[in-house]
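Here is work28.txt, consisting of compact mmCIF, C-alpha atoms and all ligand atoms:
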```
# COMPACT_ATOMS: atom_id res chain seq x y z
CA LEU T 776 0.00 0.00 0.00
CA GLU T 777 2.84 2.36 0.86
CA TRP T 778 4.11 2.17 -2.71
CA CYS T 779 0.63 2.91 -4.06
CA VAL T 780 0.47 5.97 -1.80
CA SER T 781 3.81 7.26 -3.08
CA VAL T 782 2.88 6.99 -6.76
CA PRO T 783 1.41 10.24 -8.12
CA LYS T 784 -2.21 9.65 -9.03
CA VAL T 785 -5.06 11.16 -11.00
CA GLU T 786 -8.57 10.98 -9.51
CA LEU T 787 -11.39 11.51 -11.99
CA HIS T 788 -14.47 10.06 -10.29
CA ALA T 789 -15.00 11.33 -6.76
CA HIS T 790 -18.32 12.64 -5.39
CA LEU T 791 -17.81 15.38 -2.81
CA ASN T 792 -20.48 14.20 -0.38
CA GLY T 793 -19.38 10.59 -0.77
CA SER T 794 -15.80 11.45 0.15
CA VAL T 795 -16.43 13.01 3.56
CA ARG T 796 -14.41 11.59 6.45
CA ASN T 797 -16.43 9.40 8.84
CA SER T 798 -15.08 11.42 11.77
CA THR T 799 -16.55 14.60 10.26
CA LEU T 800 -19.90 12.92 9.62
CA PHE T 801 -20.02 11.75 13.25
CA GLU T 802 -19.15 15.18 14.52
CA LEU T 803 -21.88 16.77 12.41
CA ALA T 804 -24.38 14.08 13.41
CA ARG T 805 -23.62 14.65 17.08
CA VAL T 806 -24.32 18.38 16.75
CA LEU T 807 -27.63 17.78 14.94
CA GLY T 808 -28.44 14.99 17.41
CA ASP T 809 -27.95 17.39 20.34
CA LYS T 810 -30.24 19.87 18.62
CA GLY T 811 -32.88 17.14 18.25
CA VAL T 812 -32.90 17.35 14.45
CA ILE T 813 -31.83 13.70 14.10
CA VAL T 814 -31.35 10.66 16.33
CA PHE T 815 -27.58 10.18 16.62
CA SER T 816 -27.63 6.41 17.17
CA ASP T 817 -29.65 5.92 13.95
CA VAL T 818 -27.00 7.83 12.05
CA GLU T 819 -24.18 5.93 13.72
CA ASN T 820 -25.68 2.61 12.61
CA VAL T 821 -26.16 3.72 9.04
CA ILE T 822 -22.72 5.26 8.68
CA MET T 823 -20.89 2.29 10.17
CA LYS T 824 -22.69 -0.36 8.11
CA ASP T 825 -20.18 -2.22 5.97
CA ASP T 826 -21.99 -3.53 2.93
CA ARG T 827 -24.75 -1.62 1.28
CA THR T 828 -26.76 -2.34 -1.81
CA LEU T 829 -26.86 0.44 -4.38
CA HIS T 830 -30.35 1.24 -3.13
CA GLU T 831 -29.14 1.62 0.46
CA VAL T 832 -26.31 3.85 -0.71
CA PHE T 833 -28.80 6.39 -1.99
CA LYS T 834 -30.67 6.32 1.32
CA LEU T 835 -27.36 7.02 3.01
CA PHE T 836 -26.76 10.00 0.71
CA ASP T 837 -30.07 11.51 1.76
CA LEU T 838 -28.81 11.31 5.33
CA ILE T 839 -25.37 12.69 4.51
CA HIS T 840 -27.01 15.62 2.75
CA ILE T 841 -28.99 16.46 5.89
CA LEU T 842 -25.69 16.57 7.78
CA THR T 843 -23.62 18.51 5.25
CA THR T 844 -25.85 20.83 3.28
CA ASP T 845 -25.39 24.27 4.75
CA HIS T 846 -22.89 26.74 3.38
CA SER T 847 -20.25 26.53 6.10
CA THR T 848 -20.30 22.73 6.18
CA VAL T 849 -20.03 22.51 2.40
CA THR T 850 -16.95 24.73 2.66
CA ARG T 851 -15.49 22.55 5.41
CA ILE T 852 -16.01 19.22 3.65
CA THR T 853 -14.61 20.57 0.38
CA LYS T 854 -11.41 21.66 2.11
CA GLU T 855 -11.07 18.34 3.95
CA VAL T 856 -11.77 16.19 0.92
CA ILE T 857 -9.22 18.02 -1.23
CA GLU T 858 -6.60 17.82 1.53
CA ASP T 859 -7.28 14.09 1.98
CA PHE T 860 -6.68 13.45 -1.71
CA ALA T 861 -3.55 15.60 -1.63
CA ALA T 862 -2.24 13.61 1.34
CA GLU T 863 -2.16 10.46 -0.73
CA ASN T 864 -0.38 12.04 -3.66
CA VAL T 865 -3.28 12.81 -5.94
CA VAL T 866 -1.73 15.39 -8.26
CA TYR T 867 -4.83 16.05 -10.36
CA LEU T 868 -8.34 15.84 -8.94
CA GLU T 869 -11.67 16.24 -10.69
CA LEU T 870 -14.15 16.58 -7.87
CA ARG T 871 -17.83 16.30 -8.72
CA THR T 872 -20.80 17.55 -6.77
CA THR T 873 -24.51 18.19 -7.26
CA PRO T 874 -25.28 21.91 -6.78
CA LYS T 875 -28.21 21.97 -4.35
CA ARG T 876 -31.00 24.44 -3.89
CA ASN T 877 -32.59 24.71 -0.47
CA ASP T 878 -34.82 27.77 -0.10
CA SER T 879 -35.35 27.22 3.63
CA ILE T 880 -31.71 28.09 4.33
CA GLY T 881 -31.31 30.57 1.49
CA MET T 882 -29.21 28.23 -0.60
CA SER T 883 -29.20 28.45 -4.38
CA LYS T 884 -27.19 26.24 -6.71
CA ARG T 885 -24.83 29.17 -7.16
CA SER T 886 -24.39 29.84 -3.45
CA TYR T 887 -23.79 26.11 -2.88
CA MET T 888 -21.00 26.24 -5.46
CA ASP T 889 -19.62 29.46 -3.98
CA ALA T 890 -19.34 27.58 -0.67
CA VAL T 891 -17.47 24.79 -2.49
CA MET T 892 -15.07 27.36 -3.99
CA GLU T 893 -14.47 28.87 -0.59
CA GLY T 894 -13.47 25.41 0.64
CA LEU T 895 -11.07 25.08 -2.25
CA ARG T 896 -9.46 28.43 -1.44
CA ALA T 897 -9.16 27.40 2.23
CA VAL T 898 -6.94 24.42 1.38
CA SER T 899 -3.65 24.99 3.15
CA SER T 900 -1.72 21.71 2.99
CA VAL T 901 -0.85 22.04 -0.72
CA ASP T 902 -0.70 24.68 -3.44
CA VAL T 903 -3.81 24.30 -5.54
CA ASP T 904 -4.19 25.28 -9.18
CA TYR T 905 -7.78 25.60 -10.27
CA SER T 906 -7.22 28.07 -13.06
CA PRO T 907 -8.81 26.80 -16.25
CA ALA T 908 -7.33 26.83 -19.75
CA GLY T 909 -6.39 30.27 -20.93
CA LEU T 910 -6.26 31.95 -17.56
CA LYS T 911 -2.73 32.80 -16.58
CA THR T 912 -3.17 32.78 -12.84
CA ASN T 913 -0.98 29.85 -12.09
CA THR T 914 -0.75 29.65 -8.34
CA PHE T 915 2.32 27.44 -8.60
CA ASN T 916 4.75 30.19 -9.66
CA GLY T 917 7.86 30.20 -7.58
CA SER T 918 6.55 27.79 -5.00
CA THR T 919 8.43 24.70 -3.91
CA ARG T 920 5.52 23.26 -1.96
CA LYS T 921 3.59 20.18 -2.99
CA LYS T 922 1.11 21.08 -5.70
CA MET T 923 -2.14 19.77 -7.00
CA TYR T 924 -4.57 20.57 -9.79
CA VAL T 925 -8.26 20.64 -8.88
CA ARG T 926 -11.12 20.88 -11.35
CA PHE T 927 -14.86 20.57 -10.79
CA LEU T 928 -17.65 18.68 -12.48
CA LEU T 929 -21.22 19.68 -11.69
CA SER T 930 -23.50 16.70 -11.25
CA ILE T 931 -27.06 16.48 -12.46
CA ASP T 932 -29.04 14.25 -10.09
CA ARG T 933 -31.36 11.80 -11.87
CA ARG T 934 -34.20 13.03 -9.65
CA GLU T 935 -33.99 16.45 -11.31
CA SER T 936 -36.19 17.91 -14.05
CA THR T 937 -34.99 19.11 -17.44
CA GLU T 938 -35.16 22.69 -16.14
CA ALA T 939 -33.11 21.92 -13.04
CA ALA T 940 -30.55 20.08 -15.19
CA MET T 941 -30.37 23.09 -17.51
CA GLU T 942 -29.82 25.38 -14.54
CA THR T 943 -26.84 23.25 -13.51
CA VAL T 944 -25.37 23.44 -17.02
CA LYS T 945 -25.78 27.22 -17.10
CA LEU T 946 -24.12 27.45 -13.73
CA ALA T 947 -21.21 25.37 -15.01
CA LEU T 948 -20.80 27.77 -17.93
CA GLU T 949 -20.91 30.74 -15.55
CA MET T 950 -18.21 29.17 -13.38
CA ARG T 951 -15.81 28.10 -16.09
CA ASP T 952 -13.19 30.60 -15.03
CA LEU T 953 -13.31 29.12 -11.54
CA GLY T 954 -12.31 25.64 -12.63
CA VAL T 955 -15.64 24.05 -13.53
CA VAL T 956 -14.85 21.94 -16.58
CA GLY T 957 -17.80 19.67 -17.12
CA ILE T 958 -21.02 17.92 -16.26
CA ASP T 959 -21.72 14.54 -14.68
CA LEU T 960 -25.00 12.63 -14.64
CA SER T 961 -25.43 10.63 -11.44
CA GLY T 962 -27.94 9.70 -8.76
CA ASN T 963 -30.10 6.62 -8.34
CA PRO T 964 -29.96 4.80 -11.71
CA ILE T 965 -33.48 3.42 -11.41
CA VAL T 966 -34.87 6.95 -11.14
CA GLY T 967 -35.43 9.31 -14.09
CA ASN T 968 -35.23 8.97 -17.86
CA TRP T 969 -32.39 9.68 -20.22
CA SER T 970 -34.71 11.85 -22.36
CA THR T 971 -35.19 14.21 -19.39
CA PHE T 972 -31.47 15.03 -19.17
CA LEU T 973 -30.60 14.88 -22.84
CA PRO T 974 -31.51 18.50 -23.73
CA ALA T 975 -29.29 19.87 -20.95
CA LEU T 976 -26.44 17.48 -21.78
CA LYS T 977 -26.62 18.34 -25.48
CA PHE T 978 -26.52 22.03 -24.65
CA ALA T 979 -23.53 21.47 -22.37
CA LYS T 980 -21.68 19.60 -25.07
CA GLU T 981 -22.43 22.25 -27.68
CA LYS T 982 -21.00 24.86 -25.34
CA GLY T 983 -17.79 22.89 -25.02
CA LEU T 984 -18.22 21.48 -21.53
CA TYR T 985 -16.88 17.97 -20.97
CA ILE T 986 -19.43 15.26 -20.16
CA THR T 987 -19.18 12.10 -18.10
CA LEU T 988 -22.15 9.84 -17.41
CA HIS T 989 -22.87 7.16 -14.84
CA CYS T 990 -23.62 4.41 -17.28
CA GLY T 991 -24.69 0.79 -16.81
CA GLU T 992 -24.98 0.55 -13.04
CA VAL T 993 -28.21 -1.35 -13.70
CA PRO T 994 -28.93 -3.49 -16.78
CA ASN T 995 -30.94 -0.93 -18.74
CA GLN T 996 -29.59 -1.74 -22.21
CA GLU T 997 -31.70 0.81 -24.01
CA GLU T 998 -30.37 3.64 -21.89
CA ILE T 999 -26.80 2.33 -22.12
CA LYS T 1000 -27.08 2.31 -25.91
CA ALA T 1001 -28.48 5.86 -25.97
CA MET T 1002 -25.69 7.03 -23.69
CA ILE T 1003 -22.96 5.57 -25.89
CA ASP T 1004 -24.62 7.06 -28.96
CA PHE T 1005 -24.45 10.45 -27.23
CA PHE T 1006 -20.67 9.94 -27.18
CA PRO T 1007 -19.75 11.37 -23.76
CA HIS T 1008 -16.09 12.17 -23.09
CA ARG T 1009 -15.99 9.51 -20.36
CA ILE T 1010 -18.37 7.16 -18.58
CA GLY T 1011 -18.41 5.84 -15.02
CA HIS T 1012 -18.83 2.19 -13.99
CA ALA T 1013 -19.96 0.32 -17.18
CA CYS T 1014 -21.02 -2.72 -15.13
CA CYS T 1015 -24.19 -4.17 -16.65
CA PHE T 1016 -23.54 -4.07 -20.39
CA ASP T 1017 -24.87 -6.73 -22.75
CA GLU T 1018 -22.57 -8.01 -25.46
CA GLU T 1019 -23.74 -5.60 -28.11
CA ASN T 1020 -23.30 -2.52 -25.93
CA TRP T 1021 -19.94 -3.86 -24.77
CA ARG T 1022 -18.79 -4.04 -28.38
CA LYS T 1023 -20.14 -0.55 -29.02
CA LEU T 1024 -18.28 0.84 -26.02
CA LYS T 1025 -15.04 -0.73 -27.10
CA SER T 1026 -15.24 0.50 -30.65
CA ALA T 1027 -16.22 4.00 -29.46
CA LYS T 1028 -13.12 3.92 -27.17
CA ILE T 1029 -14.88 6.01 -24.53
CA PRO T 1030 -12.68 6.05 -21.41
CA VAL T 1031 -14.17 4.24 -18.42
CA GLU T 1032 -13.84 5.37 -14.80
CA ILE T 1033 -13.47 2.14 -12.81
CA CYS T 1034 -14.54 2.08 -9.17
CA LEU T 1035 -13.66 -1.41 -7.89
CA THR T 1036 -14.58 -1.20 -4.21
CA SER T 1037 -17.78 0.69 -4.95
CA ASN T 1038 -18.90 -1.94 -7.46
CA ILE T 1039 -18.20 -4.79 -5.05
CA ARG T 1040 -19.64 -3.12 -1.95
CA THR T 1041 -22.88 -2.20 -3.74
CA GLU T 1042 -23.08 -5.72 -5.21
CA THR T 1043 -23.19 -4.30 -8.73
CA ILE T 1044 -20.39 -6.78 -9.51
CA SER T 1045 -20.60 -10.03 -7.53
CA SER T 1046 -16.88 -10.66 -7.11
CA ILE T 1047 -13.63 -8.91 -7.95
CA ASP T 1048 -12.21 -11.74 -10.05
CA ILE T 1049 -15.01 -11.33 -12.62
CA HIS T 1050 -14.74 -7.53 -12.72
CA HIS T 1051 -14.78 -6.07 -16.24
CA PHE T 1052 -11.54 -4.21 -15.47
CA VAL T 1053 -9.71 -7.33 -16.70
CA ASP T 1054 -11.42 -7.42 -20.08
CA LEU T 1055 -10.95 -3.69 -20.65
CA TYR T 1056 -7.35 -3.77 -19.49
CA LYS T 1057 -6.47 -6.67 -21.77
CA ALA T 1058 -8.17 -4.91 -24.68
CA LYS T 1059 -6.10 -1.78 -23.89
CA HIS T 1060 -9.36 0.14 -23.58
CA PRO T 1061 -8.86 3.58 -21.98
CA LEU T 1062 -9.61 3.26 -18.27
CA VAL T 1063 -8.82 4.96 -15.00
CA LEU T 1064 -9.04 3.69 -11.42
CA CYS T 1065 -11.15 5.91 -9.17
CA THR T 1066 -12.68 5.91 -5.68
CA ASP T 1067 -16.29 7.01 -6.33
CA ASP T 1068 -17.08 7.61 -2.64
CA SER T 1069 -14.00 7.14 -0.49
CA GLY T 1070 -15.89 8.01 2.70
CA VAL T 1071 -18.98 5.91 2.12
CA PHE T 1072 -16.96 2.90 0.95
CA SER T 1073 -14.04 3.38 3.37
CA THR T 1074 -11.45 3.39 0.64
CA SER T 1075 -8.81 5.66 -0.87
CA LEU T 1076 -7.26 5.91 -4.32
CA SER T 1077 -4.11 4.17 -3.06
CA ARG T 1078 -6.25 1.30 -1.77
CA GLU T 1079 -7.96 1.04 -5.16
CA TYR T 1080 -4.54 0.77 -6.83
CA ASN T 1081 -3.46 -1.80 -4.29
CA LEU T 1082 -6.64 -3.80 -4.83
CA ALA T 1083 -6.20 -3.79 -8.60
CA SER T 1084 -2.59 -4.85 -8.26
CA SER T 1085 -3.31 -7.76 -5.91
CA SER T 1086 -6.54 -8.90 -7.58
CA PHE T 1087 -5.32 -8.82 -11.15
CA GLY T 1088 -1.65 -9.65 -10.64
CA LEU T 1089 -0.27 -6.33 -11.90
CA GLY T 1090 3.29 -5.39 -10.96
CA LYS T 1091 4.73 -1.98 -10.14
CA THR T 1092 5.57 -1.16 -13.75
CA GLU T 1093 2.03 -1.89 -14.90
CA MET T 1094 0.51 0.02 -11.98
CA PHE T 1095 2.68 3.05 -12.61
CA GLN T 1096 1.71 3.02 -16.28
CA LEU T 1097 -1.94 2.73 -15.32
CA ALA T 1098 -1.60 5.79 -13.09
CA GLU T 1099 0.24 7.78 -15.73
CA ILE T 1100 -2.02 6.92 -18.66
CA ALA T 1101 -4.96 8.49 -16.80
CA ILE T 1102 -3.48 11.88 -17.79
CA ASN T 1103 -4.83 11.24 -21.29
CA PHE T 1104 -8.42 11.24 -20.03
CA ILE T 1105 -8.47 14.36 -17.86
CA PHE T 1106 -10.72 17.28 -18.72
CA ALA T 1107 -7.90 19.82 -18.98
CA ASP T 1108 -5.69 21.36 -21.62
CA ASP T 1109 -2.38 20.14 -23.02
CA GLY T 1110 -0.38 22.43 -20.77
CA VAL T 1111 -1.74 20.71 -17.67
CA LYS T 1112 -1.18 17.31 -19.26
CA ALA T 1113 2.44 18.15 -20.06
CA ASP T 1114 3.04 19.37 -16.52
CA LEU T 1115 1.53 16.19 -15.09
CA ARG T 1116 3.70 14.05 -17.38
CA ALA T 1117 6.75 15.84 -16.04
CA THR T 1118 5.59 15.10 -12.49
CA PHE T 1119 5.33 11.40 -13.33
CA GLU T 1120 8.76 11.43 -14.95
CA GLU T 1121 10.24 12.90 -11.79
CA ALA T 1122 8.41 10.37 -9.66
CA VAL T 1123 9.59 7.37 -11.64
CA LYS T 1124 13.20 8.39 -11.01
CA LYS T 1125 12.58 8.55 -7.26
CA LEU T 1126 10.59 5.33 -7.08
CA ASN T 1127 13.19 3.25 -8.91
P1 LIG Z 1 -22.77 15.15 -4.02
O1 LIG Z 1 -23.12 15.31 -5.45
O2 LIG Z 1 -23.96 15.43 -3.12
O3 LIG Z 1 -21.56 15.90 -3.60
O4 LIG Z 1 -22.36 13.61 -3.79
C1 LIG Z 1 -23.29 12.60 -3.49
C2 LIG Z 1 -24.19 12.30 -4.67
O5 LIG Z 1 -23.42 11.70 -5.73
C3 LIG Z 1 -25.28 11.27 -4.39
O6 LIG Z 1 -26.42 11.86 -3.84
C4 LIG Z 1 -25.54 10.69 -5.78
O7 LIG Z 1 -26.39 11.52 -6.51
C5 LIG Z 1 -24.17 10.72 -6.42
N1 LIG Z 1 -23.48 9.43 -6.28
C6 LIG Z 1 -22.54 9.09 -5.39
N2 LIG Z 1 -22.14 7.81 -5.58
C7 LIG Z 1 -22.84 7.34 -6.61
C8 LIG Z 1 -22.84 6.09 -7.31
O8 LIG Z 1 -22.13 5.12 -6.98
N3 LIG Z 1 -23.71 5.98 -8.35
C9 LIG Z 1 -24.51 7.01 -8.74
N4 LIG Z 1 -25.32 6.81 -9.78
N5 LIG Z 1 -24.51 8.20 -8.12
C10 LIG Z 1 -23.69 8.37 -7.06
```

Structure rendered as C-alpha cells:
Amino acid sequence: LEWCVSVPKVELHAHLNGSVRNSTLFELARVLGDKGVIVFSDVENVIMKDDRTLHEVFKLFDLIHILTTDHSTVTRITKEVIEDFAAENVVYLELRTTPKRNDSIGMSKRSYMDAVMEGLRAVSSVDVDYSPAGLKTNTFNGSTRKKMYVRFLLSIDRRESTEAAMETVKLALEMRDLGVVGIDLSGNPIVGNWSTFLPALKFAKEKGLYITLHCGEVPNQEEIKAMIDFFPHRIGHACCFDEENWRKLKSAKIPVEICLTSNIRTETISSIDIHHFVDLYKAKHPLVLCTDDSGVFSTSLSREYNLASSSFGLGKTEMFQLAEIAINFIFADDGVKADLRATFEEAVKKLN
C-alpha cells in the first residue's frame, strides 16, 4: 500500500459528499443529534454499516445531505476532501458535486458552489491550481511546496427535471473561469429517464463542456445504448452491459472510470475476479481507477490501486503506467497534461 500511496495519481471520479471523512460525519451528526434534528444512534448505525446495496447507498446519501448541506459545512467538507486526496499524492483531482438548492436556508445552486469554492481556497496543505485553460493565474509560480490541480464537475441528479438540469449546465458555464470543466450525470440509476437530461447534456456539449455519465450501473440496455450514442467524453462504472453494448463501447473507445470497491460493496459486480476491469485492461481500452465515494466505501485511491494490483496480478511497472495513462483522459488542456507528465517522470526516477 505504501508504494501505491507514493505513486502520483489522477482521480477523476469522486463525489464530494461521498468522500467526507467518517469522523466529520459523526461530529456533524452529534451536533444535529444534540439539537434534536436527528437521532444520533440511527446515524451511527447507518454510517458504520459495511456492505450496502446500491439502493441503500442512496438512502445514506439523503442522510449525509442532511448533515452537510449548509454553506459553512459545504466549505469545510470541500477543504477536507481536497486535503485528503492531496495527502495520498493525488496530483490532479476532478471533484464532482450536485449543486443543491434549499430555499429554507437561502441556498441556491450558485451559493452552494460558492461555498465549495471557498473550501477550495481554504486548502492549506498544498498549493492548488484551479485556473482553467487560458487563464494565466498559475498559483504554482515560484513555489516549492507540494502542488495539485483541482477541477470541478457539476453533477445532475437523476431526480432532477430538465429545467433543473439546464440550470446546472448554465451554472457550469458561468463558473468556467473558476475551474468548472464539465457535467456529470449521477444519482439513483433506477430513477429518471435519459430523455429528461438529454436537452441539458446536449446544450452542455455544444457549449464545449466535458461530459461524463454514470452508465450501466443497472442493466438498462436501451439507456446504455443511448448514452454511448451520445458519445460522452468519459463514462463511469460500465457494469451491466450486454454483449452488443460492450462491443459498441469498445469500438467507441470512450474512457471508463473504474470504481472497484464501490462496485463490489454495492453488489453491482458479484466478485472482484469477474470484474470487467480485466477485459478492458487486456483490450487496452482507456480506463482509470477511481474511488467514487472514499468516505462511504471506506477506501482511498491508493487502496484502489493496491486492490487492482493484488486482484489482477499487476506489478509496479504496470501500476505506474496505469496511473500515468490516466493523464490522457483528464478534462484539462495540453499544458496541464504536459506538466503532469513531467511530475510522473520525476516520480519514476525517485521510485526506482
Ligand atoms: P454530491 O453530489 O452530493 O456531492 O455527492 C453525493 C451524490 O453523488 C449522491 O447523492 C448521488 O447523486 C451521487 N453518487 C454518489 N455515488 C454514486 C454512485 O455510486 N452511483 C450514482 N449513480 N450516483 C452516485

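Restricting the calculation to all atoms listed in the file, the smallest distance between T:Arg871 and any of T:Ile958, T:Leu1089, T:Val812, T:Met941 is found for T:Ile958.
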
Selection: 8 Å around T:Glu863, all atoms listed in the file, excl. self and same-chain fewer than 4 positions, as a list in words: Val780, Ser781, Asp859, Leu1076 and Ser1077 of chain T

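With distances taken over all atoms listed in the file, T:Asp837 is the one residue among T:Glu1120, T:Asp837, T:Glu997, T:Asp1004 lying closest to ligand LIG 1 (chain Z).
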
So that each row is one residue of chain T with an atom at most 7 Å from ligand LIG 1 (chain Z), can you give its shortest atom pair and the distance in Å to one decimal, using all atoms listed in the file, rows by chain and rising number, as CSV?
```
residue,atom,partner,partner_atom,distance
T:His790,CA,Z:LIG1,O4,4.5
T:Leu791,CA,Z:LIG1,O3,3.9
T:Asn792,CA,Z:LIG1,O3,3.8
T:Gly793,CA,Z:LIG1,C1,5.2
T:Phe833,CA,Z:LIG1,O6,6.2
T:Phe836,CA,Z:LIG1,O6,4.9
T:Asp837,CA,Z:LIG1,O6,6.7
T:His840,CA,Z:LIG1,O2,6.6
T:Arg871,CA,Z:LIG1,O1,6.3
T:Thr872,CA,Z:LIG1,O1,3.5
T:Thr873,CA,Z:LIG1,O1,3.7
T:Ser930,CA,Z:LIG1,O1,6.0
T:Asp932,CA,Z:LIG1,O7,5.2
T:Ser961,CA,Z:LIG1,N4,4.2
T:Gly962,CA,Z:LIG1,O7,3.3
T:Asn963,CA,Z:LIG1,N4,5.0
T:Pro964,CA,Z:LIG1,N4,5.4
T:His989,CA,Z:LIG1,N4,5.6
T:Ser1037,CA,Z:LIG1,O8,6.5
T:Asp1067,CA,Z:LIG1,N2,6.0
T:Asp1068,CA,Z:LIG1,N2,5.9
```

Output C-alpha atoms for every residue in the selection just made, as a compact mmCIF listing (two decimals), in the coordinates of the input.
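Okay, part12.txt is ready:
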```
# COMPACT_ATOMS: atom_id res chain seq x y z
CA HIS T 790 -18.32 12.64 -5.39
CA LEU T 791 -17.81 15.38 -2.81
CA ASN T 792 -20.48 14.20 -0.38
CA GLY T 793 -19.38 10.59 -0.77
CA PHE T 833 -28.80 6.39 -1.99
CA PHE T 836 -26.76 10.00 0.71
CA ASP T 837 -30.07 11.51 1.76
CA HIS T 840 -27.01 15.62 2.75
CA ARG T 871 -17.83 16.30 -8.72
CA THR T 872 -20.80 17.55 -6.77
CA THR T 873 -24.51 18.19 -7.26
CA SER T 930 -23.50 16.70 -11.25
CA ASP T 932 -29.04 14.25 -10.09
CA SER T 961 -25.43 10.63 -11.44
CA GLY T 962 -27.94 9.70 -8.76
CA ASN T 963 -30.10 6.62 -8.34
CA PRO T 964 -29.96 4.80 -11.71
CA HIS T 989 -22.87 7.16 -14.84
CA SER T 1037 -17.78 0.69 -4.95
CA ASP T 1067 -16.29 7.01 -6.33
CA ASP T 1068 -17.08 7.61 -2.64
```

Nearby residues (all atoms listed in the file) at most 10 Å from T:Gly983, same-chain spacing under 6 positions excluded, as a list in words: Leu948, Val956, Gly957 and Lys977 of chain T

message: Show me, as a ChimeraX atom specification, the residues that have an atom within 10 Å of T:Ile880 when counting all atoms listed in the file, minus same-chain residues fewer than 5 positions from it.
response: /T:844-846

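Within 10 Å of T:Glu992, once all atoms listed in the file are used and residues closer than 2 positions along the same chain are dropped, the contacting residues are Leu829, Asn963, Pro964, Ile965, His989, Cys990, Pro994, Asn995, Ile999, Gly1011, His1012, Ala1013, Cys1014, Cys1015, Phe1016, Asn1038, Thr1041, Thr1043 and Ile1044 of chain T.
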
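Residues in contact range of T:Ser1084, defined as at most 12 Å between all atoms listed in the file, with sequence neighbours fewer than 2 positions away removed, read Leu776, Trp778, Cys779, Leu1035, Ile1047, Asp1048, Phe1052, Val1053, Leu1064, Ser1077, Arg1078, Glu1079, Tyr1080, Asn1081, Leu1082, Ser1086, Phe1087, Gly1088, Leu1089, Gly1090, Lys1091, Thr1092, Glu1093, Met1094, Phe1095, Leu1097 and Ala1098 of chain T.
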
Saved selection, atoms kept: C-alpha atoms, as a short mmCIF file (atom, residue, chain, number, x, y, z; two decimals), keeping the file's coordinate frame:
```
data_model
loop_
_atom_site.label_atom_id
_atom_site.label_comp_id
_atom_site.auth_asym_id
_atom_site.auth_seq_id
_atom_site.Cartn_x
_atom_site.Cartn_y
_atom_site.Cartn_z
CA LEU T 776 0.00 0.00 0.00
CA TRP T 778 4.11 2.17 -2.71
CA CYS T 779 0.63 2.91 -4.06
CA LEU T 1035 -13.66 -1.41 -7.89
CA ILE T 1047 -13.63 -8.91 -7.95
CA ASP T 1048 -12.21 -11.74 -10.05
CA PHE T 1052 -11.54 -4.21 -15.47
CA VAL T 1053 -9.71 -7.33 -16.70
CA LEU T 1064 -9.04 3.69 -11.42
CA SER T 1077 -4.11 4.17 -3.06
CA ARG T 1078 -6.25 1.30 -1.77
CA GLU T 1079 -7.96 1.04 -5.16
CA TYR T 1080 -4.54 0.77 -6.83
CA ASN T 1081 -3.46 -1.80 -4.29
CA LEU T 1082 -6.64 -3.80 -4.83
CA SER T 1086 -6.54 -8.90 -7.58
CA PHE T 1087 -5.32 -8.82 -11.15
CA GLY T 1088 -1.65 -9.65 -10.64
CA LEU T 1089 -0.27 -6.33 -11.90
CA GLY T 1090 3.29 -5.39 -10.96
CA LYS T 1091 4.73 -1.98 -10.14
CA THR T 1092 5.57 -1.16 -13.75
CA GLU T 1093 2.03 -1.89 -14.90
CA MET T 1094 0.51 0.02 -11.98
CA PHE T 1095 2.68 3.05 -12.61
CA LEU T 1097 -1.94 2.73 -15.32
CA ALA T 1098 -1.60 5.79 -13.09
#
```

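Closest to T:Phe1106 among T:Ile813, T:Val866, T:Val832, T:Val955 is T:Val955, based on all atoms listed in the file.
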
- request: Could you jot down the atom CA of T:Arg951 to atom CA of T:Leu984 separation for me, Å, one decimal place?
  value: 8.9 Å
